[in-house]
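The next block is run-v1.csv, given as CSV, C-alpha atoms.
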```
chain,number,residue,atom,x,y,z
O,1343,MET,CA,-13.4,7.9,-6.4
O,1344,LYS,CA,-14.2,5.0,-8.6
O,1345,ARG,CA,-11.0,2.9,-8.2
O,1346,VAL,CA,-8.4,3.2,-5.5
O,1347,LEU,CA,-5.2,1.4,-4.6
O,1348,LEU,CA,-4.7,0.9,-0.8
O,1349,LYS,CA,-1.1,0.5,0.4
O,1350,LEU,CA,-0.7,-1.1,3.8
O,1351,SER,CA,2.6,-1.4,5.5
O,1352,GLY,CA,3.7,-4.8,6.7
O,1353,GLU,CA,4.2,-3.4,10.1
O,1354,ALA,CA,0.5,-2.3,10.2
O,1355,LEU,CA,-0.6,-5.9,9.7
O,1356,ALA,CA,1.3,-6.9,12.8
O,1357,GLY,CA,-0.6,-4.4,15.0
O,1358,ASP,CA,1.0,-4.1,18.5
O,1359,LYS,CA,2.7,-7.4,18.1
O,1360,LYS,CA,5.3,-5.8,15.8
O,1361,PHE,CA,5.8,-9.1,14.0
O,1362,GLY,CA,3.6,-11.5,12.0
O,1363,PHE,CA,-0.1,-11.0,11.8
O,1364,ASP,CA,-2.7,-9.4,14.1
O,1365,GLU,CA,-6.1,-10.8,13.1
O,1366,GLU,CA,-8.1,-8.1,14.9
O,1367,THR,CA,-6.2,-5.3,13.0
O,1368,VAL,CA,-6.7,-7.0,9.7
O,1369,LEU,CA,-10.4,-7.6,10.3
O,1370,LYS,CA,-10.9,-3.9,11.0
O,1371,ILE,CA,-9.3,-3.1,7.7
O,1372,ALA,CA,-11.5,-5.7,6.0
O,1373,ALA,CA,-14.6,-4.2,7.4
O,1374,GLN,CA,-13.8,-0.9,6.0
O,1375,VAL,CA,-12.8,-2.2,2.6
O,1376,LYS,CA,-16.0,-4.2,2.4
O,1377,GLN,CA,-18.0,-1.0,2.9
O,1378,LEU,CA,-16.1,0.7,0.1
O,1379,SER,CA,-16.8,-2.3,-2.2
O,1380,GLU,CA,-20.5,-2.3,-1.3
O,1381,ARG,CA,-20.5,1.4,-2.3
O,1382,GLY,CA,-19.2,0.4,-5.7
O,1383,ILE,CA,-15.6,1.6,-5.2
O,1384,GLU,CA,-13.1,-0.8,-6.7
O,1385,VAL,CA,-10.2,-1.6,-4.4
O,1386,ALA,CA,-6.7,-3.0,-5.1
O,1387,VAL,CA,-4.3,-3.6,-2.3
O,1388,VAL,CA,-0.5,-3.7,-2.0
O,1389,THR,CA,1.2,-4.7,1.3
O,1390,GLY,CA,4.7,-4.3,2.5
O,1391,GLY,CA,6.6,-7.1,4.0
O,1392,GLY,CA,8.2,-5.5,7.1
O,1393,ASN,CA,6.3,-7.6,9.6
O,1394,PHE,CA,8.5,-10.5,8.4
O,1395,TRP,CA,11.5,-9.2,6.6
O,1396,ARG,CA,13.3,-5.9,5.9
O,1397,GLY,CA,15.9,-6.8,3.3
O,1398,ARG,CA,17.8,-3.5,3.5
O,1399,THR,CA,18.7,-4.2,7.1
O,1400,SER,CA,19.8,-7.8,6.6
O,1401,GLY,CA,23.5,-7.2,7.2
O,1402,ASN,CA,26.0,-8.7,4.7
O,1403,MET,CA,23.5,-10.8,2.8
O,1404,ASP,CA,23.4,-10.4,-1.0
O,1405,ARG,CA,21.0,-7.6,-1.8
O,1406,THR,CA,19.2,-9.6,-4.6
O,1407,LYS,CA,18.5,-12.5,-2.3
O,1408,ALA,CA,17.4,-10.3,0.5
O,1409,ASP,CA,15.0,-8.5,-1.8
O,1410,GLN,CA,13.6,-11.8,-3.1
O,1411,ILE,CA,12.9,-12.8,0.5
O,1412,GLY,CA,11.1,-9.5,1.0
O,1413,MET,CA,9.0,-10.1,-2.1
O,1414,LEU,CA,8.0,-13.5,-0.7
O,1415,ALA,CA,7.0,-11.8,2.6
O,1416,THR,CA,4.5,-9.6,0.7
O,1417,VAL,CA,3.1,-12.7,-1.0
O,1418,MET,CA,2.5,-14.3,2.5
O,1419,ASN,CA,0.9,-11.1,3.6
O,1420,CYS,CA,-1.4,-10.9,0.7
O,1421,ILE,CA,-2.5,-14.5,0.9
O,1422,TYR,CA,-3.3,-14.1,4.6
O,1423,VAL,CA,-5.1,-10.7,4.2
O,1424,ALA,CA,-7.0,-11.9,1.2
O,1425,ASP,CA,-8.3,-14.9,3.0
O,1426,LEU,CA,-9.4,-12.9,6.0
O,1427,PHE,CA,-11.2,-10.5,3.6
O,1428,ARG,CA,-12.8,-13.6,2.0
O,1429,SER,CA,-14.1,-14.7,5.4
O,1430,THR,CA,-16.1,-11.5,5.7
O,1431,GLY,CA,-17.8,-12.2,2.4
O,1432,MET,CA,-15.6,-10.4,-0.2
O,1433,LYS,CA,-14.2,-12.0,-3.3
O,1434,THR,CA,-10.5,-11.6,-3.6
O,1435,ARG,CA,-7.7,-12.4,-6.0
O,1436,VAL,CA,-3.9,-12.5,-5.3
O,1437,MET,CA,-1.7,-11.7,-8.3
O,1438,THR,CA,2.1,-11.7,-8.5
O,1439,PRO,CA,4.7,-10.8,-11.2
O,1440,PHE,CA,6.2,-14.3,-10.9
O,1441,ALA,CA,4.8,-17.8,-10.8
O,1442,CYS,CA,3.9,-19.2,-7.3
O,1443,GLY,CA,2.3,-22.4,-8.4
O,1444,SER,CA,-1.4,-22.5,-7.5
O,1445,PHE,CA,-0.9,-20.0,-4.7
O,1446,THR,CA,-1.4,-16.9,-6.9
O,1447,GLU,CA,-1.9,-16.0,-10.5
O,1448,LEU,CA,0.4,-14.0,-12.7
O,1449,PHE,CA,-0.4,-10.3,-12.8
O,1450,SER,CA,-1.8,-8.8,-16.0
O,1451,LYS,CA,-3.5,-5.5,-16.3
O,1452,ASP,CA,-6.5,-6.9,-18.2
O,1453,ALA,CA,-7.1,-9.6,-15.7
O,1454,ALA,CA,-6.7,-7.2,-12.7
O,1455,VAL,CA,-9.0,-4.6,-14.2
O,1456,SER,CA,-11.6,-7.2,-15.1
O,1457,ALA,CA,-11.6,-8.6,-11.6
O,1458,LEU,CA,-11.9,-5.1,-10.1
O,1459,GLU,CA,-14.9,-4.3,-12.4
O,1460,ASP,CA,-16.5,-7.5,-11.1
O,1461,GLY,CA,-16.2,-6.3,-7.5
O,1462,GLU,CA,-13.2,-8.4,-6.5
O,1463,ILE,CA,-10.5,-7.1,-4.2
O,1464,VAL,CA,-7.3,-7.5,-6.1
O,1465,PHE,CA,-4.1,-8.0,-4.1
O,1466,CYS,CA,-0.9,-7.1,-6.0
O,1467,ALA,CA,1.8,-9.1,-4.2
O,1468,GLY,CA,5.5,-9.8,-4.9
O,1469,GLY,CA,6.6,-6.2,-5.5
O,1470,THR,CA,7.7,-5.6,-9.1
O,1471,GLY,CA,9.3,-9.0,-9.2
O,1472,HIS,CA,12.8,-7.5,-9.4
O,1473,PRO,CA,15.4,-6.6,-6.7
O,1474,TYR,CA,16.3,-3.0,-5.9
O,1475,PHE,CA,12.7,-1.9,-6.2
O,1476,SER,CA,10.7,-1.3,-3.1
O,1477,THR,CA,7.0,-1.9,-2.4
O,1478,ASP,CA,6.6,1.9,-2.8
O,1479,THR,CA,7.7,1.5,-6.5
O,1480,ALA,CA,5.4,-1.5,-6.9
O,1481,THR,CA,2.5,0.5,-5.4
O,1482,LEU,CA,3.0,3.3,-8.0
O,1483,LEU,CA,3.5,0.9,-10.8
O,1484,ARG,CA,0.3,-1.1,-10.1
O,1485,ALA,CA,-1.7,2.0,-9.5
O,1486,ILE,CA,-0.7,3.4,-12.9
O,1487,GLU,CA,-1.3,0.1,-14.7
O,1488,ILE,CA,-4.8,-0.3,-13.3
O,1489,GLU,CA,-5.6,3.4,-13.8
O,1490,ALA,CA,-6.5,4.0,-10.2
O,1491,ASP,CA,-7.9,7.4,-9.3
O,1492,VAL,CA,-5.7,7.8,-6.2
O,1493,ILE,CA,-3.3,5.9,-4.0
O,1494,LEU,CA,-4.3,5.7,-0.3
O,1495,LEU,CA,-1.1,5.4,1.8
O,1496,ALA,CA,-2.2,4.1,5.2
O,1497,LYS,CA,0.8,4.7,7.5
O,1498,SER,CA,1.8,4.8,11.1
O,1499,VAL,CA,2.0,8.6,10.9
O,1500,ASP,CA,-1.1,10.7,10.1
O,1501,GLY,CA,0.3,12.7,7.2
O,1502,VAL,CA,3.3,14.3,5.6
O,1503,TYR,CA,5.6,16.5,7.8
O,1504,ASP,CA,8.6,18.7,7.1
O,1505,ASP,CA,10.5,16.7,9.7
O,1506,ASP,CA,10.2,13.5,11.6
O,1507,PRO,CA,7.4,14.2,14.2
O,1508,ASP,CA,8.7,11.5,16.5
O,1509,ASP,CA,12.0,13.4,16.8
O,1510,ASN,CA,10.8,17.0,16.3
O,1511,PRO,CA,7.6,18.0,18.2
O,1512,ASP,CA,7.6,21.2,16.2
O,1513,ALA,CA,7.5,19.4,12.8
O,1514,LYS,CA,4.9,21.0,10.5
O,1515,LYS,CA,2.2,18.9,9.0
O,1516,PHE,CA,1.1,19.6,5.4
O,1517,SER,CA,-2.6,19.4,4.5
O,1518,THR,CA,-1.7,19.6,0.8
O,1519,ILE,CA,1.7,19.4,-0.9
O,1520,SER,CA,2.7,18.8,-4.5
O,1521,ILE,CA,4.8,15.9,-5.6
O,1522,ASP,CA,7.4,18.4,-6.9
O,1523,GLU,CA,7.8,19.8,-3.4
O,1524,VAL,CA,8.0,16.3,-2.0
O,1525,ILE,CA,10.9,15.5,-4.4
O,1526,ALA,CA,12.6,18.8,-3.9
O,1527,GLN,CA,12.5,18.5,-0.1
O,1528,ASN,CA,13.2,14.8,-0.1
O,1529,LEU,CA,10.3,14.2,2.3
O,1530,LYS,CA,10.2,10.5,1.6
O,1531,VAL,CA,6.4,10.0,1.4
O,1532,VAL,CA,7.4,7.2,-0.9
O,1533,ASP,CA,10.9,6.5,-2.1
O,1534,MET,CA,12.5,8.6,-4.9
O,1535,THR,CA,11.8,6.2,-7.7
O,1536,ALA,CA,8.1,6.0,-6.7
O,1537,SER,CA,7.9,9.8,-6.3
O,1538,ILE,CA,9.2,10.3,-9.9
O,1539,LEU,CA,6.7,7.7,-11.2
O,1540,ALA,CA,3.9,9.6,-9.4
O,1541,ARG,CA,5.0,12.9,-10.9
O,1542,ASP,CA,5.5,11.7,-14.4
O,1543,ASN,CA,2.3,9.7,-14.5
O,1544,HIS,CA,0.1,12.3,-12.6
O,1545,MET,CA,-0.9,9.8,-9.9
O,1546,PRO,CA,-2.2,11.6,-6.7
O,1547,MET,CA,-1.7,10.1,-3.3
O,1548,PHE,CA,-3.4,10.6,0.1
O,1549,VAL,CA,-1.4,9.9,3.3
O,1550,PHE,CA,-3.2,9.2,6.5
O,1551,GLY,CA,-2.9,7.4,9.8
O,1552,LEU,CA,-4.2,3.8,9.6
O,1553,ASN,CA,-4.7,3.5,13.3
O,1554,GLU,CA,-7.3,6.2,13.5
O,1555,GLU,CA,-11.0,5.1,13.7
O,1556,ASN,CA,-12.4,4.1,10.3
O,1557,SER,CA,-9.4,5.8,8.7
O,1558,ILE,CA,-9.7,4.2,5.3
O,1559,LEU,CA,-13.4,5.1,5.0
O,1560,ARG,CA,-12.7,8.6,6.1
O,1561,ALA,CA,-9.8,9.0,3.7
O,1562,VAL,CA,-12.1,8.1,0.8
O,1563,GLU,CA,-14.8,10.5,2.2
O,1564,GLY,CA,-12.3,13.3,2.7
O,1565,THR,CA,-13.1,13.6,6.4
O,1566,ILE,CA,-9.8,12.5,7.9
O,1567,ASP,CA,-7.0,15.0,8.7
O,1568,GLY,CA,-4.3,13.6,6.4
O,1569,THR,CA,-2.1,15.0,3.6
O,1570,SER,CA,-3.1,15.2,-0.1
O,1571,VAL,CA,-0.1,14.8,-2.4
O,1572,THR,CA,-1.1,16.5,-5.6
O,1573,VAL,CA,0.4,16.2,-9.1
```
Output the structure of this file as structure tokens.
Amino acid sequence: MKRVLLKLSGEALAGDKKFGFDEETVLKIAAQVKQLSERGIEVAVVTGGGNFWRGRTSGNMDRTKADQIGMLATVMNCIYVADLFRSTGMKTRVMTPFACGSFTELFSKDAAVSALEDGEIVFCAGGTGHPYFSTDTATLLRAIEIEADVILLAKSVDGVYDDDPDDNPDAKKFSTISIDEVIAQNLKVVDMTASILARDNHMPMFVFGLNEENSILRAVEGTIDGTSVTV
């Protein structure tokens, strides 16, 4: 792998706290990403915002406004994680699809790719900049734009199953599955819009459990027991 996009859920950033940030968890992620960068692997990052806000469960609030708050939650996450990465010696850049004053810079493919080639870790915050699109969709969009080799989906579960393993102890885990099968079986690796983007743009994904020891490094090395989603 030469260039990867790492998707981190907002909940993962909270660790056992379930809300906000857990510095120890983020520093463990940073240590692994730093090793990847030192090996010459270019890394972009997308985070969710669920450690602060889940717009789709916000009751009767206007969906557009709820989604906008969710986008801002991902900006906060990326600014925080980027700064912790920077404290370990990495160069980082936070880019958004909308202006945030001097907090971030506007996303452009050329600027993002140039930064990646210079060894910077590029954080793609703010989703797509539009309501009704999830961070799953933003993940696929940015990965396609920067021409990533693969998307690394670091999740709370250790792969793709044919049923919810928390509810069904007999759920079957896939070592490999095609994106066509994911769509046909509605397995929700990512949401349907993102799944179709992956299929139509031939973007492979690898799903693994973030909480396993050195999981990100092992995902890149192919030594972790996750699920490869092929195209």
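Distances to O:Ala1372 were evaluated for O:Pro1546, O:Gly1551, O:Gly1431, O:Gly1461 using only C-alpha atoms, and the minimum falls at O:Gly1431.
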Which residue, O:Thr1430, O:Asn1553, O:Thr1477, O:Ser1520, has the smallest gap to O:Met1413 when you use all atoms listed in the file?
-> O:Thr1477
Find the residue from O:Val1571, O:Ala1480, O:Gly1468, O:Phe1394 that sits nearest to O:Gly1362; use only C-alpha atoms when measuring.
-> O:Phe1394
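Atom CA of O:Asp1491 lies 27.3 Å from atom CA of O:Ser1429.
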Within 6 Å of stretch 1416-1427 of chain O using only C-alpha atoms, minus same-chain residues under 4 positions, as an MDAnalysis selection string | chainID O and resid 1372 1389:1391 1432 1434 1467:1468
Nearest residue to O:Gly1471 from the set O:Ala1354, O:Ile1566, O:Leu1414, O:Ala1454 (distances using all atoms listed in the file) |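 Of the candidates, the smallest distance to O:Gly1471 is held by O:Leu1414.
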Selected residue, from O:Phe1465, O:Phe1440, O:Phe1363, O:Phe1449, that lies nearest to O:Val1387 when counting all atoms listed in the file =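 Ranking O:Phe1465, O:Phe1440, O:Phe1363, O:Phe1449 by distance to O:Val1387, first place goes to O:Phe1465.
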Given the choices O:Glu1353, O:Asp1500, O:Asp1508, O:Asp1522, which gets closest to O:Phe1548 if the distance is worked out from all atoms listed in the file?
->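 Ranked by minimum distance to O:Phe1548, first place goes to O:Asp1500.
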Residues within 7 Å of O:Glu1447, only C-alpha atoms, excluding chain neighbours under 5 positions, as a list in words = Val1436, Met1437, Thr1438 and Ala1441 of chain O
Identify, on the basis of only C-alpha atoms, every residue whose closest approach to O:Glu1554 does not exceed 10 Å; exclude the query and any residue fewer than 3 positions from it along the same chain; express the result as a JSON list (two decimals) with C-alpha atoms, in the coordinates of the input.
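part_24.json, freshly written:
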```json
[["chain", "number", "residue", "atom", "x", "y", "z"],
["O", 1496, "ALA", "CA", -2.20, 4.10, 5.20],
["O", 1498, "SER", "CA", 1.80, 4.80, 11.10],
["O", 1499, "VAL", "CA", 2.00, 8.60, 10.90],
["O", 1500, "ASP", "CA", -1.10, 10.70, 10.10],
["O", 1550, "PHE", "CA", -3.20, 9.20, 6.50],
["O", 1551, "GLY", "CA", -2.90, 7.40, 9.80],
["O", 1557, "SER", "CA", -9.40, 5.80, 8.70],
["O", 1558, "ILE", "CA", -9.70, 4.20, 5.30],
["O", 1560, "ARG", "CA", -12.70, 8.60, 6.10],
["O", 1566, "ILE", "CA", -9.80, 12.50, 7.90]]
```
